[in-house]
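The structure file query-v1.txt is reproduced below (compact mmCIF, C-alpha atoms).
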# COMPACT_ATOMS: atom_id res chain seq x y z
CA ALA A 1 101.40 99.15 113.46
CA PRO A 2 103.03 95.69 113.49
CA CYS A 3 101.74 92.16 114.28
CA PRO A 4 104.28 89.49 115.41
CA GLN A 5 103.55 85.73 115.55
CA TRP A 6 105.14 82.72 117.28
CA PRO A 7 104.44 79.76 114.95
CA TYR A 8 105.50 76.89 117.21
CA CYS A 9 103.48 74.48 119.34
CA ARG A 10 104.47 71.52 121.50
CA LYS A 11 101.64 69.46 120.01
CA ARG A 12 99.11 69.82 117.20
CA CYS A 13 95.51 69.70 118.43
CA SER A 14 93.20 67.26 116.65
CA TYR A 15 91.05 70.05 115.17
CA CYS A 16 93.81 72.46 114.14
CA ASN A 17 94.74 73.30 110.55
CA PHE A 18 96.54 76.56 111.25
CA ASN A 19 100.07 77.40 110.20
CA THR A 20 101.78 75.89 113.26
CA TYR A 21 104.91 73.76 113.63
CA VAL A 22 105.70 71.20 116.33
CA VAL A 23 109.34 71.91 117.16
CA ARG A 24 110.80 70.94 120.52
CA ALA A 25 113.63 73.46 120.60
CA PRO A 26 113.33 76.24 118.00
CA ASP A 27 116.19 78.73 117.70
CA GLU A 28 114.46 81.42 119.70
CA ALA A 29 117.26 83.96 119.36
CA ALA A 30 117.07 83.73 115.56
CA VAL A 31 113.25 83.96 115.52
CA ARG A 32 113.36 86.92 117.92
CA ALA A 33 115.89 88.77 115.76
CA CYS A 34 113.73 88.24 112.67
CA LEU A 35 110.51 89.33 114.38
CA VAL A 36 112.27 92.50 115.54
CA ARG A 37 113.74 93.25 112.12
CA GLU A 38 110.52 92.60 110.20
CA ALA A 39 108.50 94.75 112.63
CA GLN A 40 110.99 97.59 112.16
CA THR A 41 110.93 97.24 108.37
CA LEU A 42 107.15 97.19 108.02
CA LEU A 43 106.68 100.04 110.48
CA ARG A 44 109.15 102.08 108.45
CA LEU A 45 107.29 101.26 105.22
CA SER A 46 103.94 102.25 106.74
CA GLN A 47 105.32 105.33 108.53
CA VAL A 48 102.85 104.69 111.32
CA HIS A 49 102.98 107.32 114.07
CA SER A 50 101.19 105.75 117.01
CA VAL A 51 100.50 102.11 117.87
CA THR A 52 97.28 101.42 119.75
CA SER A 53 97.44 97.61 120.10
CA VAL A 54 99.80 94.67 119.82
CA PHE A 55 98.62 91.07 119.71
CA PHE A 56 101.03 88.15 120.16
CA GLY A 57 99.42 85.11 118.57
CA GLY A 58 100.48 81.80 117.11
CA GLY A 59 101.08 78.89 117.31
CA THR A 60 101.57 79.11 121.05
CA PRO A 61 103.22 82.45 121.88
CA SER A 62 103.27 81.61 125.60
CA LEU A 63 106.05 79.13 124.67
CA ALA A 64 108.25 82.08 123.71
CA SER A 65 110.25 83.68 126.48
CA PRO A 66 109.22 87.00 128.02
CA GLY A 67 112.51 88.31 126.63
CA THR A 68 111.27 87.79 123.07
CA VAL A 69 108.04 89.66 123.82
CA ALA A 70 110.02 92.49 125.41
CA ALA A 71 112.37 92.71 122.41
CA VAL A 72 109.48 93.01 119.95
CA LEU A 73 107.76 95.67 122.06
CA GLU A 74 111.03 97.60 122.33
CA ALA A 75 111.38 97.47 118.54
CA VAL A 76 107.83 98.75 118.09
CA ALA A 77 108.38 101.55 120.59
CA GLY A 78 111.62 102.48 118.82
CA ALA A 79 109.94 102.72 115.40
CA ALA A 80 106.66 104.38 116.43
CA HIS A 81 104.96 105.82 119.47
CA LEU A 82 103.72 102.91 121.59
CA ALA A 83 101.02 104.61 123.62
CA ALA A 84 101.08 104.02 127.37
CA ALA A 85 97.47 102.89 127.13
CA ALA A 86 98.13 100.56 124.17
CA GLU A 87 96.54 97.14 124.55
CA VAL A 88 99.21 94.40 124.47
CA THR A 89 97.62 90.95 124.31
CA LEU A 90 99.32 87.56 124.46
CA GLU A 91 97.61 84.27 123.60
CA ALA A 92 98.44 81.53 126.09
CA ASN A 93 97.80 77.83 126.50
CA PRO A 94 97.13 76.60 130.06
CA SER A 95 100.07 74.18 129.75
CA SER A 96 102.50 77.11 129.42
CA ALA A 97 100.84 79.62 131.72
CA SER A 98 102.36 79.19 135.18
CA THR A 99 102.10 82.16 137.54
CA SER A 100 105.82 82.91 137.28
CA ARG A 101 105.76 82.75 133.48
CA LEU A 102 102.74 85.03 133.25
CA ALA A 103 104.40 87.45 135.67
CA GLY A 104 107.38 87.51 133.29
CA PHE A 105 105.11 88.44 130.39
CA ARG A 106 103.52 91.19 132.44
CA ALA A 107 106.96 92.59 133.26
CA ALA A 108 107.78 92.47 129.54
CA GLY A 109 104.83 94.75 128.75
CA VAL A 110 101.84 92.44 128.21
CA ASN A 111 98.66 93.85 129.81
CA ARG A 112 95.97 91.50 128.46
CA LEU A 113 95.84 87.71 128.24
CA SER A 114 93.78 85.43 125.99
CA ILE A 115 93.74 81.84 127.28
CA GLY A 116 92.84 78.89 125.07
CA VAL A 117 90.74 76.97 127.60
CA GLN A 118 88.49 75.41 124.88
CA SER A 119 86.72 73.10 127.35
CA LEU A 120 86.48 72.46 131.09
CA ASP A 121 85.84 68.74 130.63
CA ASP A 122 88.75 66.30 130.57
CA ALA A 123 87.12 63.89 128.11
CA GLU A 124 86.45 66.72 125.65
CA LEU A 125 89.99 68.03 126.06
CA ARG A 126 91.40 64.59 125.22
CA MET A 127 89.20 64.38 122.12
CA LEU A 128 90.46 67.81 121.05
CA GLY A 129 94.06 66.71 121.55
CA ARG A 130 94.76 69.44 124.09
CA GLU A 131 97.83 69.21 126.30
CA HIS A 132 96.14 70.45 129.46
CA THR A 133 93.48 69.17 131.85
CA ALA A 134 90.42 71.05 133.08
CA ALA A 135 92.12 71.58 136.44
CA GLU A 136 95.19 73.09 134.75
CA ALA A 137 92.94 75.39 132.75
CA ARG A 138 91.28 76.63 135.93
CA GLN A 139 94.66 77.20 137.58
CA ALA A 140 95.91 79.16 134.57
CA VAL A 141 92.85 81.40 134.43
CA GLU A 142 93.00 82.08 138.18
CA ALA A 143 96.69 82.97 137.92
CA ALA A 144 95.99 85.24 134.94
CA ARG A 145 93.13 87.01 136.69
CA GLY A 146 95.43 87.75 139.62
CA LEU A 147 97.98 89.36 137.30
CA PHE A 148 95.64 90.86 134.66
CA PRO A 149 92.38 91.59 136.52
CA GLY A 150 89.59 92.61 134.17
CA ARG A 151 91.84 91.89 131.18
CA THR A 152 91.81 88.10 131.00
CA SER A 153 89.86 86.51 128.15
CA ILE A 154 89.06 82.83 127.68
CA ASP A 155 88.26 80.88 124.51
CA LEU A 156 85.64 78.13 124.51
CA LEU A 157 84.61 75.70 121.76
CA PHE A 158 81.09 74.38 121.29
CA GLY A 159 79.54 71.92 118.87
CA LEU A 160 82.02 69.15 119.63
CA PRO A 161 81.23 65.68 118.23
CA GLY A 162 78.85 63.96 120.65
CA GLN A 163 78.37 67.09 122.79
CA SER A 164 74.77 67.41 123.95
CA ARG A 165 72.81 70.57 124.62
CA ASP A 166 72.87 69.83 128.37
CA ALA A 167 76.61 69.15 128.36
CA TRP A 168 77.24 72.49 126.63
CA ALA A 169 75.06 74.29 129.18
CA GLN A 170 77.13 72.72 131.97
CA ARG A 171 80.43 73.76 130.30
CA LEU A 172 79.14 77.30 129.91
CA GLU A 173 78.02 77.48 133.55
CA ALA A 174 81.45 76.25 134.68
CA ALA A 175 83.17 78.82 132.47
CA LEU A 176 81.04 81.64 133.84
CA GLY A 177 82.12 80.72 137.34
CA LEU A 178 85.73 81.05 136.21
CA CYS A 179 85.97 83.70 133.51
CA ASP A 180 86.84 87.36 133.83
CA ASP A 181 85.17 90.07 131.73
CA HIS A 182 85.76 88.71 128.22
CA ILE A 183 84.86 85.41 126.59
CA SER A 184 85.20 84.19 122.99
CA LEU A 185 82.95 81.37 121.80
CA TYR A 186 83.82 79.46 118.66
CA GLN A 187 81.80 76.77 116.93
CA LEU A 188 84.12 73.87 116.22
CA THR A 189 84.79 73.57 112.50
CA LEU A 190 85.76 70.15 111.18
CA GLU A 191 88.57 71.17 108.85
CA ARG A 192 89.67 68.84 106.08
CA GLY A 193 92.99 67.19 106.83
CA THR A 194 92.64 67.28 110.61
CA ALA A 195 92.57 64.18 112.82
CA LEU A 196 89.18 65.09 114.27
CA ALA A 197 87.57 65.51 110.86
CA ALA A 198 88.91 62.10 109.83
CA GLN A 199 87.37 60.51 112.93
CA VAL A 200 83.98 62.03 112.13
CA ARG A 201 84.20 61.12 108.46
CA GLY A 202 85.15 57.54 109.41
CA GLY A 203 82.18 57.21 111.75
CA ALA A 204 84.18 56.99 114.96
CA LEU A 205 82.58 60.24 116.18
CA PRO A 206 79.15 61.74 115.34
CA GLU A 207 78.80 64.98 113.40
CA PRO A 208 76.73 67.56 115.33
CA PRO A 209 73.44 68.44 113.57
CA GLN A 210 73.07 72.04 112.37
CA ASP A 211 69.93 72.75 114.39
CA LEU A 212 71.74 71.71 117.58
CA LEU A 213 74.66 74.02 116.76
CA ALA A 214 72.29 76.95 116.23
CA ASP A 215 70.54 76.15 119.52
CA MET A 216 73.87 76.00 121.39
CA TYR A 217 74.87 79.41 120.02
CA GLU A 218 71.55 81.03 120.91
CA THR A 219 71.60 79.46 124.38
CA ALA A 220 75.10 80.79 125.02
CA ARG A 221 74.17 84.27 123.85
CA ASN A 222 71.07 84.40 126.06
CA VAL A 223 72.98 83.19 129.13
CA LEU A 224 75.88 85.59 128.62
CA VAL A 225 73.71 88.63 127.91
CA ALA A 226 71.61 87.83 130.99
CA THR A 227 74.78 87.86 133.10
CA GLY A 228 75.91 91.29 131.94
CA PHE A 229 77.94 90.54 128.82
CA ARG A 230 77.63 92.65 125.69
CA HIS A 231 77.55 90.55 122.52
CA TYR A 232 79.75 92.98 120.61
CA GLU A 233 80.88 90.66 117.81
CA VAL A 234 79.69 87.34 116.36
CA SER A 235 81.99 85.29 118.62
CA ASN A 236 82.93 87.78 121.34
CA PHE A 237 81.29 88.90 124.57
CA ALA A 238 82.51 91.50 127.06
CA ARG A 239 81.27 93.21 130.22
CA LYS A 240 82.46 96.30 132.08
CA GLY A 241 83.89 97.73 128.86
CA ALA A 242 86.45 94.95 128.42
CA LEU A 243 86.16 94.81 124.60
CA SER A 244 89.26 93.77 122.68
CA THR A 245 90.70 96.97 121.19
CA HIS A 246 92.90 94.97 118.90
CA ASN A 247 90.19 92.80 117.40
CA LEU A 248 87.96 95.85 116.95
CA SER A 249 90.66 97.25 114.69
CA TYR A 250 90.03 94.39 112.25
CA TRP A 251 86.28 94.67 112.31
CA ARG A 252 86.45 98.43 111.80
CA ALA A 253 88.82 97.94 108.84
CA ASP A 254 91.67 99.90 110.42
CA GLU A 255 95.20 99.45 109.11
CA TYR A 256 97.35 96.72 110.64
CA ILE A 257 100.66 95.03 110.03
CA GLY A 258 101.39 91.30 110.08
CA VAL A 259 104.77 90.14 111.35
CA GLY A 260 106.04 86.56 111.37
CA PRO A 261 105.35 83.28 109.55
CA GLY A 262 101.75 82.87 110.66
CA LYS A 263 98.49 84.74 111.12
CA GLY A 264 98.98 87.91 113.17
CA VAL A 265 98.52 91.69 113.47
CA MET A 266 99.12 94.99 115.32
CA GLY A 267 96.88 98.05 115.73
CA ALA A 268 97.54 101.76 115.72
CA SER A 269 95.83 105.12 115.92
CA GLY A 270 94.66 106.76 112.76
CA GLY A 271 94.12 103.28 111.40
CA GLU A 272 97.26 101.25 111.88
CA CYS A 273 97.74 98.20 114.13
CA VAL A 274 100.55 96.01 115.41
CA ALA A 275 100.43 92.42 116.66
CA MET A 276 101.68 88.87 116.58
CA CYS A 277 99.40 86.75 114.41
CA PRO A 278 96.24 85.58 116.16
CA VAL A 279 95.08 82.01 115.60
CA ASN A 280 91.48 83.13 115.48
CA SER A 281 92.10 86.05 113.16
CA VAL A 282 88.86 87.52 111.87
CA VAL A 283 90.20 88.54 108.48
CA PRO A 284 89.05 85.85 106.03
CA LEU A 285 92.23 84.16 104.82
CA PRO A 286 93.13 80.55 104.09
CA ALA A 287 94.30 78.73 107.21
CA ALA A 288 97.65 78.11 105.52
CA ALA A 289 98.28 81.82 104.97
CA GLY A 290 101.20 83.53 106.65
CA ALA A 291 100.88 86.68 108.76
CA HIS A 292 98.81 89.25 106.93
CA GLY A 293 98.43 93.00 106.89
CA ARG A 294 96.37 95.84 105.46
CA PHE A 295 98.18 99.17 105.31
CA VAL A 296 99.34 102.02 103.07
CA LEU A 297 103.04 102.00 102.13
CA ARG A 298 103.61 105.69 102.86
CA GLY A 299 107.35 105.05 103.17
CA GLU A 300 107.45 104.16 99.47
CA GLY A 301 105.21 107.04 98.44
CA GLY A 302 102.11 104.85 98.35
CA CYS A 303 98.64 106.24 98.84
CA ARG A 304 96.48 103.11 98.46
CA ARG A 305 95.83 100.30 100.92
CA GLU A 306 97.65 97.04 100.28
CA ALA A 307 96.92 93.46 101.30
CA ARG A 308 100.12 91.65 102.29
CA VAL A 309 100.75 88.04 103.27
CA GLN A 310 104.00 86.83 104.82
CA THR A 311 105.82 83.59 104.02
CA LEU A 312 104.34 80.82 106.15
CA GLU A 313 107.26 78.36 106.59
CA PRO A 314 109.45 79.62 109.48
CA VAL A 315 112.90 78.70 108.10
CA THR A 316 112.14 80.21 104.70
CA TRP A 317 110.60 83.27 106.34
CA MET A 318 113.70 83.82 108.49
CA ARG A 319 115.97 83.52 105.44
CA GLU A 320 113.90 86.16 103.62
CA VAL A 321 113.88 88.53 106.61
CA GLN A 322 117.64 88.18 107.00
CA SER A 323 118.22 88.97 103.32
CA GLN A 324 115.64 91.70 102.64
CA GLY A 325 114.29 92.88 106.00
CA HIS A 326 110.88 91.26 105.65
CA GLY A 327 109.29 88.01 104.53
CA THR A 328 106.36 89.32 102.48
CA ARG A 329 105.30 86.55 100.10
CA SER A 330 102.56 88.43 98.25
CA ARG A 331 101.19 91.94 98.08
CA ALA A 332 98.32 93.48 96.16
CA VAL A 333 96.81 96.95 96.03
CA LEU A 334 93.13 96.78 97.02
CA ASN A 335 90.79 98.64 94.69
CA PRO A 336 87.92 100.71 96.15
CA LEU A 337 85.36 97.94 95.68
CA GLU A 338 87.59 95.36 97.41
CA GLN A 339 88.06 97.70 100.37
CA LEU A 340 84.31 98.23 100.70
CA GLU A 341 83.70 94.48 100.45
CA GLU A 342 86.09 93.90 103.37
CA LEU A 343 84.52 96.73 105.36
CA LEU A 344 81.05 95.25 104.82
CA THR A 345 82.08 91.66 105.57
CA LEU A 346 83.93 92.55 108.77
CA GLY A 347 81.86 95.47 110.02
CA LEU A 348 78.59 93.55 110.01
CA ARG A 349 80.11 91.08 112.47
CA THR A 350 79.80 93.70 115.22
CA ASP A 351 76.79 94.97 117.12
CA GLU A 352 77.66 98.54 116.14
CA GLY A 353 77.82 97.61 112.46
CA ILE A 354 79.29 100.06 109.95
CA THR A 355 78.88 103.70 110.92
CA HIS A 356 78.24 106.37 108.29
CA GLU A 357 81.53 108.03 109.26
CA ARG A 358 83.56 104.86 108.74
CA TRP A 359 81.86 104.09 105.44
CA GLY A 360 82.53 107.65 104.29
CA HIS A 361 86.24 107.21 104.96
CA PHE A 362 86.34 104.48 102.29
CA SER A 363 83.51 105.80 100.07
CA PRO A 364 83.28 109.62 100.11
CA GLN A 365 81.13 109.71 96.95
CA LEU A 366 78.56 106.99 97.69
CA SER A 367 76.98 106.97 101.16
CA LEU A 368 75.56 103.95 102.95
CA GLN A 369 72.12 105.31 102.10
CA ASP A 370 73.07 105.57 98.41
CA VAL A 371 74.17 101.93 98.32
CA PHE A 372 71.83 100.13 100.73
CA GLY A 373 68.92 102.51 101.24
CA LYS A 374 67.46 102.01 97.77
CA PRO A 375 65.07 99.23 96.75
CA GLY A 376 66.97 95.96 96.53
CA GLU A 377 68.40 93.14 98.62
CA ALA A 378 69.24 95.31 101.65
CA ARG A 379 65.76 96.81 101.76
CA ALA A 380 64.25 93.31 101.68
CA LEU A 381 66.53 92.19 104.52
CA GLN A 382 65.45 95.20 106.57
CA GLN A 383 61.79 94.43 105.98
CA SER A 384 62.41 90.80 107.03
CA GLY A 385 63.98 91.88 110.34
CA TRP A 386 67.56 90.83 109.56
CA LEU A 387 69.14 94.23 108.98
CA VAL A 388 68.89 97.83 110.21
CA LEU A 389 69.93 101.02 108.41
CA ASP A 390 69.33 104.21 110.38
CA SER A 391 71.10 107.47 111.23
CA GLY A 392 73.70 105.57 113.25
CA SER A 393 74.87 102.69 111.07
CA LEU A 394 74.15 99.69 108.90
CA ARG A 395 74.00 96.68 111.21
CA CYS A 396 72.45 93.28 111.76
CA THR A 397 69.73 92.54 114.24
CA TRP A 398 70.49 89.65 116.60
CA ALA A 399 68.52 87.37 114.29
CA GLY A 400 70.59 88.60 111.33
CA LEU A 401 73.88 88.23 113.17
CA ALA A 402 73.12 84.56 113.79
CA VAL A 403 72.80 83.94 110.03
CA LEU A 404 75.24 86.57 108.75
CA ASP A 405 76.99 84.24 106.30
CA SER A 406 73.72 83.71 104.45
CA LEU A 407 73.02 87.47 104.22
CA LEU A 408 76.40 88.62 102.92
CA PRO A 409 76.13 87.30 99.32
CA ASP A 410 73.02 89.41 98.66
CA LEU A 411 74.57 92.52 100.24
CA LEU A 412 77.84 92.10 98.35
CA TRP A 413 75.90 91.66 95.12
CA GLN A 414 74.00 94.91 95.73
CA LEU A 415 77.27 96.70 96.52
CA GLN A 416 78.92 95.39 93.36
CA ARG A 417 76.00 96.54 91.19
CA VAL A 418 76.13 100.06 92.59
Show the structure stored in the file as structure tokens.
Amino acid sequence: APCPQWPYCRKRCSYCNFNTYVVRAPDEAAVRACLVREAQTLLRLSQVHSVTSVFFGGGTPSLASPGTVAAVLEAVAGAAHLAAAAEVTLEANPSSASTSRLAGFRAAGVNRLSIGVQSLDDAELRMLGREHTAAEARQAVEAARGLFPGRTSIDLLFGLPGQSRDAWAQRLEAALGLCDDHISLYQLTLERGTALAAQVRGGALPEPPQDLLADMYETARNVLVATGFRHYEVSNFARKGALSTHNLSYWRADEYIGVGPGKGVMGASGGECVAMCPVNSVVPLPAAAGAHGRFVLRGEGGCRREARVQTLEPVTWMREVQSQGHGTRSRAVLNPLEQLEELLTLGLRTDEGITHERWGHFSPQLSLQDVFGKPGEARALQQSGWLVLDSGSLRCTWAGLAVLDSLLPDLLWQLQRV
């Protein structure tokens, strides 16, 4: 399935180092035509049969017109079966999420919204360089919930410079009074080259201590779980079954297709996915990478999974799509070990972990028990209470999930030895 991305923003936030471009009046007709053509090309190469999810990311895809979203969805439906129940998500900023605009996206085929609220405090929003106010964020979420009830997600940042534990608790309480059935929490990362990182490095803003960040994360998890949310992935919480189908396709190592000059993806049954590049993509790639994909090129007689990255600069990407049908900058066949490494890295982010069935799809000869059930690093992590391996899956405990990055090197090393 395909994944289209809108790479443009009206303003660059102070913490952002993603592949976004501040352009006041991009040639939307040209971008739309290229998104449509690249989606068609990559769907033809993958020979995907049924698309289960589409995710429009960016940049700020809510700056695109509903007509562009409709055109991409029509192209997907023309190249593969777009299931009636397919999840179609659009990322939106509160500053471009009026009720009439959101209604236009719904009419175009969007059925789930992800809103970049980030904070409900005006001083924090100014520090982050956001365009919107807390009041505008509330208005946008209320409008979205009216149009997409039960399918409106909000993003929140924690660990901001100078943010106290009490202030974070207040932000979380305010968000709970506003949010629908899905919330994504992200610890702010001070990325090199961003304005916010320069302010911290220069001493204008304090750097949050690591123990405070850990405490904020644990506090948020406890509060959300107590109010009925399932902590189904490191950064994601859902209640009433409102899990993101699209993001689950990454974490389960399904196939997906990246379309556009940024980070994005789509999801489909039997493995494939379609979407416009999400800013908070879970696949570990450099922030400067273009849209990315993982799929088998069945249309070229391929039988092995490829990693593909699209050209990141929009004008160059459009020129390549116009000349050859797609803007793939690099492609590489993933060997069996690389596929298992991705499956392990992504699957352990979820509360379900990696099931024996899913592992067997990538490793029919060596079972999870063969690799991680023997004496070694995984056994030690189980005995220490960080990891579980049983008849259901290999997965982290809550304590292990909170320190996953520190566990992965040992697990990858054990996998590589086997």
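Coordinates place CA of Ser244 (chain A) at a distance of 24.0 Å from CA of Gly360 (chain A).
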Which residues, written as a list in words, have at least one atom at most 10 Å from Glu136 (chain A), with only C-alpha atoms counted and residues fewer than 6 positions away on the same chain left out?
Asn93, Pro94, Ser95, Ser96, Ala97, Ser98, Val117, Leu120 and Glu142 of chain A
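Remark: for Gly260 (chain A), the closest of the candidate residues A:Pro409, A:Gly78, A:Pro314, A:Gly376 is A:Pro314 (distances computed over all atoms listed in the file).
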Taking into account only C-alpha atoms, which residue in the set A:Val223, A:Leu297, A:Leu348, A:Leu415 is nearest to Leu366 (chain A)?
A:Leu415
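Distances here use only C-alpha atoms; by that measure, the residue among A:Ala85, A:Leu213, A:Ala140, A:Met127 closest to Ala103 (chain A) is A:Ala140.
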Neighbours of Leu337 (chain A) within 9 Å (all atoms listed in the file; same-chain residues fewer than 4 positions away dropped), as a ChimeraX atom specification?
/A:341-342,415-416
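The smallest atom-to-atom distance between Val48 (chain A) and any of A:Ala107, A:Val296, A:Leu185, A:Leu176, using all atoms listed in the file, is found for A:Val296.
Reported to one decimal place, the separation of CA of Arg44 (chain A) from CA of Ala75 (chain A) is 11.3 Å.
Rounded to one decimal, CA of Leu243 (chain A) and CA of Leu147 (chain A) lie 18.2 Å from each other.
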So that I can check the surroundings of region 149-161 of chain A, please list as number ranges by chain every protein, DNA and RNA residue that reaches within 9 Å of it, counting all atoms listed in the file and ignoring chain neighbours fewer than 6 positions away.
A: 111-120, 124, 127-128, 141, 168, 171-172, 175, 179-189, 196, 200, 205-209, 212-213, 216-217, 238, 240, 242
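Minimum distance to Trp413 (chain A) across A:Leu401, A:Arg201, A:Ala378, A:Arg331 (counting all atoms listed in the file) occurs at A:Ala378.
Comparing the minimum interatomic distances between Arg252 (chain A) and each of A:Gln339, A:Ser367, A:Thr60, A:Thr41, counting only C-alpha atoms, we find that A:Gln339 sits nearest.
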Select, counting all atoms listed in the file, all protein, DNA and RNA residues no farther than 6 Å from (105.4, 109.1, 118.5) in file coordinates, and express the selection as an mmCIF file with C-alpha atoms, in the coordinates of the input.
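Dumped everything to out_15.cif:
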data_model
loop_
_atom_site.group_PDB
_atom_site.id
_atom_site.type_symbol
_atom_site.label_atom_id
_atom_site.label_comp_id
_atom_site.auth_asym_id
_atom_site.auth_seq_id
_atom_site.Cartn_x
_atom_site.Cartn_y
_atom_site.Cartn_z
ATOM 1 C CA HIS A 49 102.980 107.320 114.070
ATOM 2 C CA SER A 50 101.190 105.750 117.010
ATOM 3 C CA ALA A 80 106.660 104.380 116.430
ATOM 4 C CA HIS A 81 104.960 105.820 119.470
#
Restore all heavy atoms in region 159-165 of chain A and list the result as an mmCIF file, keeping the file's coordinate frame.
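Output contents, as saved in rebuild.cif:
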data_model
loop_
_atom_site.group_PDB
_atom_site.id
_atom_site.type_symbol
_atom_site.label_atom_id
_atom_site.label_comp_id
_atom_site.auth_asym_id
_atom_site.auth_seq_id
_atom_site.Cartn_x
_atom_site.Cartn_y
_atom_site.Cartn_z
ATOM 1 N N GLY A 159 79.852 72.723 120.057
ATOM 2 C CA GLY A 159 79.540 71.920 118.870
ATOM 3 C C GLY A 159 80.518 70.796 118.651
ATOM 4 O O GLY A 159 80.767 70.385 117.515
ATOM 5 N N LEU A 160 81.073 70.266 119.746
ATOM 6 C CA LEU A 160 82.020 69.150 119.630
ATOM 7 C C LEU A 160 81.267 67.867 119.266
ATOM 8 O O LEU A 160 80.096 67.712 119.640
ATOM 9 C CB LEU A 160 82.770 68.948 120.948
ATOM 10 C CG LEU A 160 83.947 69.881 121.255
ATOM 11 C CD1 LEU A 160 83.553 71.343 121.237
ATOM 12 C CD2 LEU A 160 84.573 69.511 122.587
ATOM 13 N N PRO A 161 81.892 66.947 118.557
ATOM 14 C CA PRO A 161 81.230 65.680 118.230
ATOM 15 C C PRO A 161 80.723 64.981 119.492
ATOM 16 O O PRO A 161 81.474 64.784 120.452
ATOM 17 C CB PRO A 161 82.352 64.868 117.558
ATOM 18 C CG PRO A 161 83.253 65.895 116.974
ATOM 19 C CD PRO A 161 83.244 67.033 117.954
ATOM 20 N N GLY A 162 79.433 64.656 119.516
ATOM 21 C CA GLY A 162 78.850 63.960 120.650
ATOM 22 C C GLY A 162 78.442 64.866 121.794
ATOM 23 O O GLY A 162 77.855 64.400 122.777
ATOM 24 N N GLN A 163 78.725 66.167 121.701
ATOM 25 C CA GLN A 163 78.370 67.090 122.790
ATOM 26 C C GLN A 163 76.869 67.373 122.758
ATOM 27 O O GLN A 163 76.318 67.781 121.739
ATOM 28 C CB GLN A 163 79.142 68.401 122.636
ATOM 29 C CG GLN A 163 78.988 69.351 123.816
ATOM 30 C CD GLN A 163 79.807 70.624 123.605
ATOM 31 O OE1 GLN A 163 79.717 71.272 122.568
ATOM 32 N NE2 GLN A 163 80.625 70.970 124.590
ATOM 33 N N SER A 164 76.211 67.173 123.875
ATOM 34 C CA SER A 164 74.770 67.410 123.950
ATOM 35 C C SER A 164 74.490 68.848 124.358
ATOM 36 O O SER A 164 75.374 69.575 124.830
ATOM 37 C CB SER A 164 74.131 66.467 124.965
ATOM 38 O OG SER A 164 74.560 66.799 126.283
ATOM 39 N N ARG A 165 73.233 69.234 124.209
ATOM 40 C CA ARG A 165 72.810 70.570 124.620
ATOM 41 C C ARG A 165 73.019 70.753 126.122
ATOM 42 O O ARG A 165 73.506 71.800 126.576
ATOM 43 C CB ARG A 165 71.326 70.754 124.263
ATOM 44 C CG ARG A 165 70.782 72.137 124.532
ATOM 45 C CD ARG A 165 69.296 72.211 124.194
ATOM 46 N NE ARG A 165 69.028 72.129 122.750
ATOM 47 C CZ ARG A 165 68.640 71.034 122.107
ATOM 48 N NH1 ARG A 165 68.462 69.899 122.774
ATOM 49 N NH2 ARG A 165 68.406 71.047 120.817
#
